[in-house]
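Peer 1: Provided below: model_21.cif, containing mmCIF, C-alpha atoms and all ligand atoms.
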```cif
data_my_file
loop_
_atom_site.label_atom_id
_atom_site.label_comp_id
_atom_site.auth_asym_id
_atom_site.auth_seq_id
_atom_site.Cartn_x
_atom_site.Cartn_y
_atom_site.Cartn_z
CA MET A 19 93.04 94.43 83.02
CA PRO A 20 93.08 90.63 83.10
CA ASP A 21 90.67 88.86 85.40
CA ILE A 22 92.99 87.08 87.79
CA LYS A 23 91.60 84.24 89.87
CA ILE A 24 92.99 81.56 92.15
CA ILE A 25 91.05 78.46 91.20
CA SER A 26 91.32 75.03 92.76
CA GLU A 27 89.25 71.99 91.75
CA GLY A 28 87.03 74.25 89.65
CA LYS A 29 86.25 76.57 92.58
CA VAL A 30 87.29 80.25 92.67
CA LEU A 31 89.16 80.66 95.96
CA SER A 32 90.31 84.23 95.56
CA ARG A 33 90.33 87.10 93.05
CA VAL A 34 92.93 89.69 92.23
CA VAL A 35 91.24 92.85 91.02
CA ALA A 36 93.17 95.78 89.60
CA GLY A 37 92.02 99.40 89.65
CA ARG A 38 93.41 102.89 89.11
CA ARG A 39 92.07 104.63 92.21
CA ILE A 40 91.49 103.36 95.72
CA GLU A 41 87.72 104.09 95.62
CA GLU A 42 87.36 101.42 92.94
CA VAL A 43 87.50 98.84 95.75
CA LEU A 44 83.95 99.80 96.82
CA PRO A 45 82.05 97.22 94.70
CA LEU A 46 84.09 94.51 96.42
CA LEU A 47 83.04 95.81 99.84
CA SER A 48 79.35 96.50 99.26
CA GLN A 49 78.31 92.87 99.78
CA HIS A 50 79.61 92.94 103.35
CA GLY A 51 77.55 94.43 106.17
CA LYS A 52 80.25 94.78 108.84
CA ILE A 53 83.78 95.62 107.80
CA PHE A 54 86.65 95.97 110.25
CA ILE A 55 89.77 97.57 108.79
CA VAL A 56 93.26 96.65 110.00
CA CYS A 57 95.70 99.15 108.56
CA ASP A 58 99.37 99.93 108.74
CA GLU A 59 99.53 103.15 110.77
CA ALA A 60 101.66 104.62 107.93
CA VAL A 61 98.63 104.47 105.60
CA GLU A 62 95.89 105.36 108.07
CA GLY A 63 94.92 108.30 105.82
CA LEU A 64 94.24 105.87 102.99
CA ALA A 65 92.20 103.65 105.32
CA ARG A 66 90.13 106.67 106.41
CA LYS A 67 89.53 107.50 102.74
CA VAL A 68 88.23 103.97 102.08
CA ALA A 69 86.11 104.07 105.28
CA ALA A 70 84.59 107.44 104.35
CA ALA A 71 83.74 106.24 100.86
CA ALA A 72 82.30 102.93 102.11
CA GLY A 73 80.10 104.60 104.77
CA GLU A 74 78.55 102.91 107.78
CA ILE A 75 79.46 99.34 106.77
CA VAL A 76 82.94 100.12 108.11
CA LYS A 77 82.74 99.64 111.87
CA THR A 78 86.24 100.55 112.95
CA ILE A 79 89.85 101.04 111.90
CA ILE A 80 92.53 99.18 113.84
CA PRO A 81 95.99 100.66 113.13
CA VAL A 82 99.03 98.43 113.62
CA ARG A 83 102.78 99.09 113.47
CA ALA A 84 104.39 97.43 110.46
CA SER A 85 107.72 96.17 111.81
CA GLU A 86 109.13 92.63 111.88
CA THR A 87 109.28 92.82 115.70
CA ASP A 88 105.55 93.66 115.81
CA LYS A 89 104.72 90.89 113.31
CA ASN A 90 104.03 88.41 116.07
CA ILE A 91 101.30 86.51 117.86
CA GLY A 92 100.94 89.42 120.34
CA THR A 93 99.74 91.76 117.58
CA VAL A 94 97.43 89.03 116.23
CA THR A 95 95.94 88.71 119.75
CA LEU A 96 95.56 92.49 119.91
CA ILE A 97 93.62 92.52 116.62
CA CYS A 98 91.38 89.66 117.86
CA SER A 99 90.70 91.48 121.16
CA LYS A 100 89.75 94.67 119.29
CA LEU A 101 87.40 92.64 117.06
CA LEU A 102 85.82 91.03 120.11
CA SER A 103 85.40 94.31 121.97
CA MET A 104 83.79 95.87 118.88
CA GLY A 105 81.29 93.00 118.70
CA ALA A 106 82.59 91.44 115.47
CA ASP A 107 80.67 88.21 114.86
CA ARG A 108 81.15 85.41 112.35
CA ASP A 109 79.84 87.44 109.41
CA ALA A 110 82.33 90.26 110.05
CA PHE A 111 84.78 90.96 107.22
CA LEU A 112 88.37 92.02 107.86
CA LEU A 113 89.95 94.37 105.34
CA ALA A 114 93.72 94.79 105.60
CA ILE A 115 95.32 97.91 104.15
CA GLY A 116 99.11 97.93 104.23
CA GLY A 117 102.22 96.08 103.19
CA GLY A 118 103.08 92.41 103.63
CA ILE A 119 103.46 92.71 107.40
CA THR A 120 99.92 94.06 107.76
CA THR A 121 98.33 91.60 105.32
CA ASP A 122 100.15 88.66 107.03
CA LEU A 123 99.00 89.84 110.49
CA ALA A 124 95.41 90.54 109.45
CA GLY A 125 95.09 87.39 107.32
CA PHE A 126 96.25 85.29 110.27
CA ALA A 127 93.94 87.09 112.74
CA ALA A 128 90.95 86.70 110.37
CA SER A 129 91.75 82.99 109.94
CA ILE A 130 91.64 82.20 113.65
CA TYR A 131 89.06 84.72 114.96
CA LYS A 132 85.88 82.76 115.74
CA ARG A 133 87.48 79.89 113.74
CA GLY A 134 87.74 82.09 110.68
CA ILE A 135 86.01 85.13 109.18
CA GLY A 136 86.22 86.49 105.64
CA PHE A 137 88.99 88.89 104.71
CA GLY A 138 90.35 90.94 101.82
CA PHE A 139 93.51 92.91 101.12
CA ILE A 140 94.44 96.29 99.72
CA PRO A 141 98.24 95.95 99.53
CA THR A 142 100.10 99.26 99.67
CA THR A 143 103.66 98.19 98.85
CA LEU A 144 105.06 96.87 95.59
CA LEU A 145 106.15 93.72 97.40
CA ALA A 146 102.68 93.01 98.77
CA GLN A 147 100.97 93.84 95.45
CA THR A 148 103.14 91.41 93.52
CA ASP A 149 103.58 88.73 96.14
CA ALA A 150 102.68 88.86 99.84
CA ALA A 151 98.98 89.69 99.46
CA ILE A 152 98.37 86.91 96.94
CA GLY A 153 98.27 83.19 97.62
CA GLY A 154 96.80 82.87 101.10
CA LYS A 155 99.93 82.37 103.20
CA ASN A 156 99.34 84.27 106.44
CA GLY A 157 102.14 83.85 108.94
CA VAL A 158 103.88 85.68 111.75
CA ASN A 159 107.34 85.49 113.30
CA PHE A 160 107.84 83.21 116.29
CA LEU A 161 110.84 82.81 118.61
CA GLU A 162 112.85 85.07 116.30
CA LEU A 163 112.16 82.83 113.30
CA LYS A 164 110.46 84.28 110.24
CA ASN A 165 106.84 83.33 109.49
CA MET A 166 107.18 80.27 111.71
CA ILE A 167 103.51 80.05 112.63
CA GLY A 168 100.57 80.65 110.35
CA VAL A 169 97.93 79.25 108.06
CA ILE A 170 97.17 78.93 104.37
CA ARG A 171 93.76 80.53 103.83
CA GLN A 172 92.77 82.64 100.85
CA PRO A 173 91.58 86.25 100.99
CA GLU A 174 88.27 86.78 99.22
CA PHE A 175 90.02 89.41 97.11
CA THR A 176 93.24 91.35 96.70
CA PHE A 177 92.66 94.80 95.26
CA ILE A 178 95.71 96.15 93.47
CA CYS A 179 95.92 99.84 92.80
CA PRO A 180 99.07 101.86 92.15
CA GLU A 181 97.89 104.96 94.11
CA PRO A 182 99.47 103.94 97.47
CA LEU A 183 102.88 103.50 95.84
CA LEU A 184 103.19 107.28 95.51
CA THR A 185 103.81 107.62 99.27
CA LEU A 186 105.93 104.49 99.63
CA PRO A 187 109.48 105.29 100.83
CA ARG A 188 112.17 104.78 98.18
CA ARG A 189 113.84 101.88 100.00
CA ASP A 190 110.54 100.01 100.32
CA PHE A 191 109.73 100.55 96.65
CA ILE A 192 113.13 99.18 95.64
CA SER A 193 112.72 96.30 98.06
CA GLY A 194 109.47 95.36 96.32
CA SER A 195 111.27 95.38 92.98
CA ALA A 196 113.11 92.25 94.13
CA GLU A 197 109.90 90.20 94.48
CA MET A 198 108.64 91.41 91.11
CA LEU A 199 111.89 90.47 89.38
CA LYS A 200 112.00 87.15 91.26
CA THR A 201 108.54 86.35 89.88
CA PHE A 202 109.67 86.94 86.31
CA ILE A 203 112.86 84.90 86.81
CA ILE A 204 110.46 82.05 87.59
CA GLU A 205 108.18 82.69 84.59
CA ASN A 206 109.16 85.13 81.87
CA LYS A 207 106.16 85.40 79.55
CA ASP A 208 106.40 88.29 77.02
CA ASP A 209 109.85 89.20 78.42
CA ASN A 210 108.24 90.73 81.52
CA TYR A 211 111.62 90.30 83.24
CA GLY A 212 113.36 92.58 80.73
CA LYS A 213 110.46 95.07 80.77
CA SER A 214 110.55 95.19 84.59
CA VAL A 215 114.31 95.68 84.75
CA ARG A 216 114.04 98.63 82.34
CA LEU A 217 111.11 100.24 84.17
CA LEU A 218 112.37 99.69 87.73
CA LYS A 219 115.84 100.89 86.76
CA THR A 220 114.36 104.12 85.39
CA ILE A 221 112.32 104.70 88.55
CA ALA A 222 115.24 103.83 90.87
CA SER A 223 117.65 106.20 89.13
CA ALA A 224 115.21 109.10 88.58
CA PRO A 225 116.13 112.31 90.42
CA ASP A 226 112.40 112.99 90.90
CA ARG A 227 111.00 109.58 91.90
CA GLN A 228 107.47 110.89 92.38
CA ALA A 229 107.37 112.20 88.80
CA ALA A 230 108.94 109.00 87.47
CA LEU A 231 106.29 106.97 89.29
CA GLU A 232 103.44 109.15 88.01
CA ASN A 233 104.79 108.73 84.45
CA SER A 234 105.13 104.97 84.84
CA MET A 235 101.75 104.18 86.37
CA GLU A 236 100.35 102.43 83.32
CA SER A 237 103.35 100.14 82.73
CA LEU A 238 103.68 99.57 86.45
CA GLU A 239 100.04 98.55 86.71
CA GLU A 240 100.46 96.11 83.81
CA LEU A 241 103.60 94.53 85.26
CA ILE A 242 102.13 94.28 88.79
CA ALA A 243 99.08 92.52 87.30
CA ALA A 244 101.37 90.23 85.26
CA ALA A 245 103.36 89.30 88.38
CA ALA A 246 100.12 88.74 90.31
CA ALA A 247 98.90 86.50 87.49
CA VAL A 248 102.08 84.38 87.64
CA LYS A 249 101.64 83.93 91.38
CA ALA A 250 97.90 83.22 91.10
CA GLY A 251 98.59 80.61 88.39
CA VAL A 252 101.19 78.80 90.48
CA VAL A 253 98.98 78.89 93.61
CA SER A 254 95.98 77.59 91.63
CA ARG A 255 98.03 74.58 90.57
CA ASP A 256 99.53 73.95 94.02
CA GLN A 257 97.81 75.81 96.82
CA PHE A 258 99.43 73.95 99.72
CA GLU A 259 103.00 73.94 98.41
CA SER A 260 103.54 70.28 97.78
CA GLY A 261 105.33 70.90 94.50
CA GLU A 262 105.27 73.78 92.01
CA ARG A 263 104.52 76.50 94.61
CA ARG A 264 107.98 75.93 96.07
CA LYS A 265 109.33 77.75 93.02
CA LEU A 266 108.00 81.01 94.46
CA ASN A 267 110.54 80.64 97.25
CA LEU A 268 113.37 81.46 94.86
CA GLY A 269 116.01 83.23 96.96
CA HIS A 270 113.96 82.84 100.14
CA THR A 271 115.91 80.11 101.97
CA PHE A 272 118.93 82.40 101.84
CA ALA A 273 116.77 85.51 102.42
CA HIS A 274 115.22 84.25 105.66
CA ALA A 275 118.71 83.40 106.97
CA ILE A 276 120.01 86.85 105.92
CA GLU A 277 117.10 88.60 107.64
CA HIS A 278 117.74 86.50 110.74
CA GLU A 279 121.49 87.20 110.75
CA THR A 280 121.16 90.95 110.13
CA ARG A 281 118.28 91.28 112.61
CA GLY A 282 116.24 93.60 110.46
CA GLY A 283 119.18 95.54 109.00
CA VAL A 284 118.32 94.14 105.58
CA SER A 285 114.70 94.32 104.39
CA HIS A 286 112.85 91.26 103.08
CA GLY A 287 113.10 92.35 99.44
CA GLU A 288 116.79 93.23 99.78
CA ALA A 289 117.41 89.81 101.33
CA VAL A 290 115.48 88.17 98.45
CA ALA A 291 117.72 90.02 95.96
CA ILE A 292 120.91 88.74 97.64
CA GLY A 293 119.33 85.28 98.02
CA THR A 294 118.39 85.09 94.35
CA VAL A 295 121.97 85.82 93.30
CA LEU A 296 123.25 83.18 95.77
CA ALA A 297 120.75 80.69 94.31
CA ALA A 298 122.00 81.48 90.79
CA ARG A 299 125.63 81.06 91.95
CA THR A 300 124.71 77.69 93.48
CA ALA A 301 123.07 76.63 90.19
CA GLU A 302 126.21 77.61 88.28
CA LYS A 303 128.48 75.72 90.71
CA LEU A 304 126.32 72.62 90.29
CA GLY A 305 126.62 72.95 86.51
CA LEU A 306 122.86 73.54 86.14
CA ALA A 307 123.08 77.12 84.88
CA LYS A 308 125.37 78.62 82.28
CA PRO A 309 128.30 80.62 83.72
CA GLY A 310 127.36 84.29 83.83
CA LEU A 311 123.72 83.88 84.90
CA ALA A 312 124.41 85.00 88.49
CA ALA A 313 126.50 87.99 87.34
CA GLY A 314 123.76 89.00 84.88
CA ILE A 315 121.02 88.81 87.50
CA ALA A 316 123.22 90.69 89.99
CA ALA A 317 123.83 93.48 87.45
CA ASP A 318 120.08 93.80 86.78
CA LEU A 319 119.18 93.87 90.47
CA GLU A 320 121.91 96.40 91.22
CA ALA A 321 120.68 98.63 88.39
CA CYS A 322 117.28 98.61 90.14
CA GLY A 323 118.97 99.79 93.36
CA LEU A 324 119.11 96.43 95.15
CA PRO A 325 122.03 94.94 97.13
CA THR A 326 123.40 91.64 95.84
CA GLU A 327 126.27 90.78 98.18
CA LEU A 328 126.30 89.42 101.72
CA SER A 329 127.71 91.74 104.37
CA PHE A 330 128.91 88.78 106.48
CA PRO A 331 130.65 85.42 105.80
CA CYS A 332 128.26 83.00 104.08
CA GLY A 333 128.90 80.25 106.66
CA GLN A 334 126.96 82.38 109.15
CA MET A 335 123.72 81.57 107.28
CA ALA A 336 124.03 77.85 108.03
CA GLY A 337 122.26 77.83 111.42
CA ALA A 338 119.12 79.64 110.28
CA MET A 339 119.04 77.77 106.96
CA THR A 340 119.11 74.41 108.73
CA LYS A 341 116.14 75.56 110.85
CA ASP A 342 114.24 76.54 107.67
CA LYS A 343 110.66 75.38 108.15
CA LYS A 344 110.83 73.60 104.81
CA ALA A 345 113.81 71.45 105.88
CA GLU A 346 113.20 67.69 105.88
CA ASN A 347 115.70 65.01 107.04
CA GLY A 348 118.56 67.49 106.89
CA LEU A 349 117.68 68.45 103.31
CA VAL A 350 116.43 71.89 102.36
CA HIS A 351 114.38 72.62 99.24
CA PHE A 352 116.45 75.09 97.23
CA VAL A 353 115.01 76.81 94.18
CA LEU A 354 117.72 77.29 91.58
CA PRO A 355 117.46 79.46 88.45
CA LEU A 356 118.71 77.67 85.35
CA ALA A 357 117.98 80.65 83.10
CA ILE A 358 115.65 83.66 83.16
CA GLY A 359 112.16 82.12 83.15
CA ASP A 360 113.32 78.64 84.17
CA VAL A 361 113.84 77.46 87.74
CA GLN A 362 114.21 74.04 89.31
CA CYS A 363 113.72 72.77 92.89
CA ARG A 364 116.54 70.69 94.37
CA ASP A 365 116.83 69.14 97.82
CA LEU A 366 120.32 69.92 99.07
CA ARG A 367 122.25 69.84 102.32
CA VAL A 368 122.95 73.28 103.73
CA GLU A 369 126.64 72.42 104.32
CA GLU A 370 126.97 71.39 100.66
CA VAL A 371 125.54 74.71 99.46
CA ILE A 372 127.69 76.75 101.84
CA ALA A 373 130.79 74.84 100.70
CA LEU A 374 129.96 75.60 97.03
CA LEU A 375 129.48 79.30 97.77
CA LYS A 376 132.73 79.45 99.75
CA GLU A 377 134.64 78.31 96.64
CA ASP A 378 134.49 81.91 95.27
N1 LIG B 401 102.40 85.94 102.87
C1 LIG B 401 103.24 85.83 101.89
O1 LIG B 401 103.06 85.03 100.96
C2 LIG B 401 104.44 86.73 101.87
C3 LIG B 401 105.24 86.80 100.72
C4 LIG B 401 106.31 87.70 100.72
C5 LIG B 401 106.57 88.46 101.84
N2 LIG B 401 105.80 88.33 102.95
C6 LIG B 401 106.05 89.16 104.12
O2 LIG B 401 105.86 90.52 103.79
C7 LIG B 401 106.63 91.33 104.69
C8 LIG B 401 107.28 92.43 103.92
O3 LIG B 401 106.27 93.17 103.30
P1 LIG B 401 106.46 94.65 102.76
O4 LIG B 401 107.76 94.82 102.12
O5 LIG B 401 105.23 94.95 102.03
O6 LIG B 401 106.68 95.44 104.09
P2 LIG B 401 105.90 96.21 105.21
O7 LIG B 401 104.53 95.79 105.42
O8 LIG B 401 106.81 96.19 106.37
O9 LIG B 401 105.96 97.70 104.66
C9 LIG B 401 107.22 98.30 104.48
C10 LIG B 401 107.28 99.70 105.11
O10 LIG B 401 106.51 100.57 104.29
C11 LIG B 401 105.52 101.26 105.07
N3 LIG B 401 104.40 101.42 104.14
C12 LIG B 401 103.62 100.45 103.61
N4 LIG B 401 102.85 100.96 102.63
C13 LIG B 401 103.12 102.28 102.57
C14 LIG B 401 102.68 103.34 101.73
N5 LIG B 401 101.84 103.12 100.72
N6 LIG B 401 103.15 104.57 101.96
C15 LIG B 401 104.07 104.80 102.95
N7 LIG B 401 104.57 103.84 103.74
C16 LIG B 401 104.10 102.59 103.54
C17 LIG B 401 105.32 100.37 106.27
O11 LIG B 401 104.86 101.10 107.40
C18 LIG B 401 106.71 99.81 106.50
O12 LIG B 401 107.48 100.74 107.22
C19 LIG B 401 107.61 90.41 105.36
O13 LIG B 401 107.24 90.25 106.71
C20 LIG B 401 107.48 89.09 104.62
O14 LIG B 401 107.69 87.98 105.43
C21 LIG B 401 104.74 87.51 102.96
#
```
What is this structure when it is put down as structure tokens?

Peer 2:
Amino acid sequence: MPDIKIISEGKVLSRVVAGRRIEEVLPLLSQHGKIFIVCDEAVEGLARKVAAAAGEIVKTIIPVRASETDKNIGTVTLICSKLLSMGADRDAFLLAIGGGITTDLAGFAASIYKRGIGFGFIPTTLLAQTDAAIGGKNGVNFLELKNMIGVIRQPEFTFICPEPLLTLPRRDFISGSAEMLKTFIIENKDDNYGKSVRLLKTIASAPDRQAALENSMESLEELIAAAAAVKAGVVSRDQFESGERRKLNLGHTFAHAIEHETRGGVSHGEAVAIGTVLAARTAEKLGLAKPGLAAGIAADLEACGLPTELSFPCGQMAGAMTKDKKAENGLVHFVLPLAIGDVQCRDLRVEEVIALLKED
């Protein structure tokens, strides 16, 4: 497995470590004396397994509900109060076990508790393993707007292991496929995009998903690590998103508006899939991408079980897109795919983009 690091100004800020079994995280924990686990209640069994293997250095397990409505400052406060009541001091270490909601919540709580304690992640969804648990963005929803408050602070490590994926519900697995494919649309070294489409398509269409997953563990591990490496590389070059990191938001300006408009009816990954196709259509309309790119991406995403069409008129996205936290002077940073493995950032007016999409 490659040694994946997020490095800035010669300093290692964070490591992504891959393993086969969950117990392989232990060497990363042994240097900490007091570990507090925040876990998604859906994977509490996994958290108990880690706690049992780690022994008395684990002081408590704090289960949280992983829903977008619970991903808020109230849950962050709850985590901080539990830490305080359990006597967590400044050398406490917070270990989050769960999907992107849990790692966002725990990363934010760890960043503000006693002005910041160390933290690490064991992501348990495909989406969090390839994206959410890497890069140090820790945000929560605020006033019904996605990830509106938060910090950029790196976890000490992200431990990636395919074992948790075996219990992940089908829809969540497919949702994670969108972030993996998005990553390889941004950077397509060794045709990882094509390899991922083939693998994820096989898993999505298998009558026995569990068996398909078991059979695919090796390739899956390799592709998750490759996606993590793409993200770590981009974050190393632009930790605070002043330039290149914006590329990782491919599909996300649309996705956040879709999630807002459907009020949770569409998952984050599903919204990213639809958003990526809309971004490709926008690129085609602007003459930046060859005709057919959007249809090709849509066909690939659909083969992997993802939705690619809006269920409401596209004009309805305008309000939320204008409020995008990355909007400046009425312009929004859109990431547009020009080809597989090549994307470009463009500042565009929301009305202009909506008008282009309405032309269809
Ligand atoms: N911080 C970032 O850079 C970043 C990047 C992308 C996405 N995100 C955030 O990530 C969130 C989405 O993350 P997600 O898709 O991982 O969702 P999630 O955390 O909501 O998990 C999805 C569902 O799967 C369940 N689950 C998780 N792991 C499981 C397992 N191994 N077995 C059984 N059930 C399991 C959860 O309880 C939940 O119901 C969004 O809130 C999004 O904003 C953050």

Peer 1: Work out how far apart atom CA of A:Thr121 and atom CA of A:Arg39 are and give it in Å to one decimal.

Peer 2: 19.5 Å

Peer 1: Give the residues close to ligand LIG 401 (chain B), within 7 Å, counting all atoms listed in the file; write them as a PyMOL selection string.

Peer 2: chain A and resi 58-61+83-86+116-120+122+142-146+149-157+164-165+182-187+190+193-194+286-287

Peer 1: Report, in Å to a single decimal, how far apart atom CA of A:Cys179 and atom CA of A:Ser223 are.

Peer 2: 22.9 Å

Peer 1: Taking only C-alpha atoms into account, which of A:Leu231, A:Val252, A:Ile170, A:Val68 comes nearest A:Val56?

Peer 2: A:Val68

Peer 1: Could you work out an axis-aligned box for stretch 83-101 of chain A, taking every atom the file lists and adding 4 Å on each side, and report centre and edge lengths in Å to one decimal, as AutoDock Vina command-line options?

Peer 2:
```
--center_x 98.3 --center_y 92.8 --center_z 115.8 --size_x 29.9 --size_y 20.6 --size_z 18.7
```

Peer 1: What is the distance between atom CA of A:Val350 and atom CA of A:Arg367, in Å to one decimal?

Peer 2: 6.2 Å

Peer 1: So, counting only C-alpha atoms, which residue among A:Ala70, A:Ala229, A:Leu319, A:Leu163 is closest to A:Glu277?

Peer 2: A:Leu163

Peer 1: I'd like the contact shell of A:Val215 - 8 Å cut-off, all atoms listed in the file, skipping same-chain residues fewer than 3 positions apart - returned as JSON, numbers by chain.

Peer 2: {"A": [199, 211, 212, 218, 219, 318, 319, 321, 322]}

Peer 1: Of the candidates A:Asp107, A:Gln147, A:Leu306, A:Ala196, which shows the shortest atom-to-atom distance to A:Ala243, using all atoms listed in the file?

Peer 2: A:Gln147

Peer 1: Restricting the calculation to all atoms listed in the file: of A:Glu197, A:Glu346, A:Glu262, A:Glu288, which residue gets closest to A:Ser214?

Peer 2: A:Glu197

Peer 1: Report as a short mmCIF file (atom, residue, chain, number, x, y, z; two decimals) with C-alpha atoms, in the coordinates of the input all protein, DNA and RNA residues lying within 8 Å of A:Arg299, evaluated on only C-alpha atoms, omitting residues in the same chain fewer than 2 positions from it.

Peer 2:
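Output saved as around20.cif:
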```cif
data_model
loop_
_atom_site.label_atom_id
_atom_site.label_comp_id
_atom_site.auth_asym_id
_atom_site.auth_seq_id
_atom_site.Cartn_x
_atom_site.Cartn_y
_atom_site.Cartn_z
CA VAL A 295 121.97 85.82 93.30
CA LEU A 296 123.25 83.18 95.77
CA ALA A 297 120.75 80.69 94.31
CA ALA A 301 123.07 76.63 90.19
CA GLU A 302 126.21 77.61 88.28
CA LYS A 303 128.48 75.72 90.71
CA LEU A 311 123.72 83.88 84.90
CA ALA A 312 124.41 85.00 88.49
CA LEU A 375 129.48 79.30 97.77
#
```

Peer 1: Just checking: using all atoms listed in the file, which residue out of A:His270, A:Gly251, A:Phe54, A:Gln172 ends up closest to A:Arg66?

Peer 2: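 Ranked by minimum distance to A:Arg66, first place goes to A:Phe54.
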
Peer 1: Quick one: of A:Leu366, A:Ala114, A:Ala313, A:Ile97, who's nearest to A:Val353, counting all atoms listed in the file?

Peer 2: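 Of the candidates, the smallest distance to A:Val353 is held by A:Leu366.
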
Peer 1: If we count only C-alpha atoms, what is near A:Lys52 at a cut-off of 7 Å, once residues fewer than 3 positions away on the same chain are taken out, given as an MDAnalysis selection string?

Peer 2: chainID A and resid 75:77 110:111
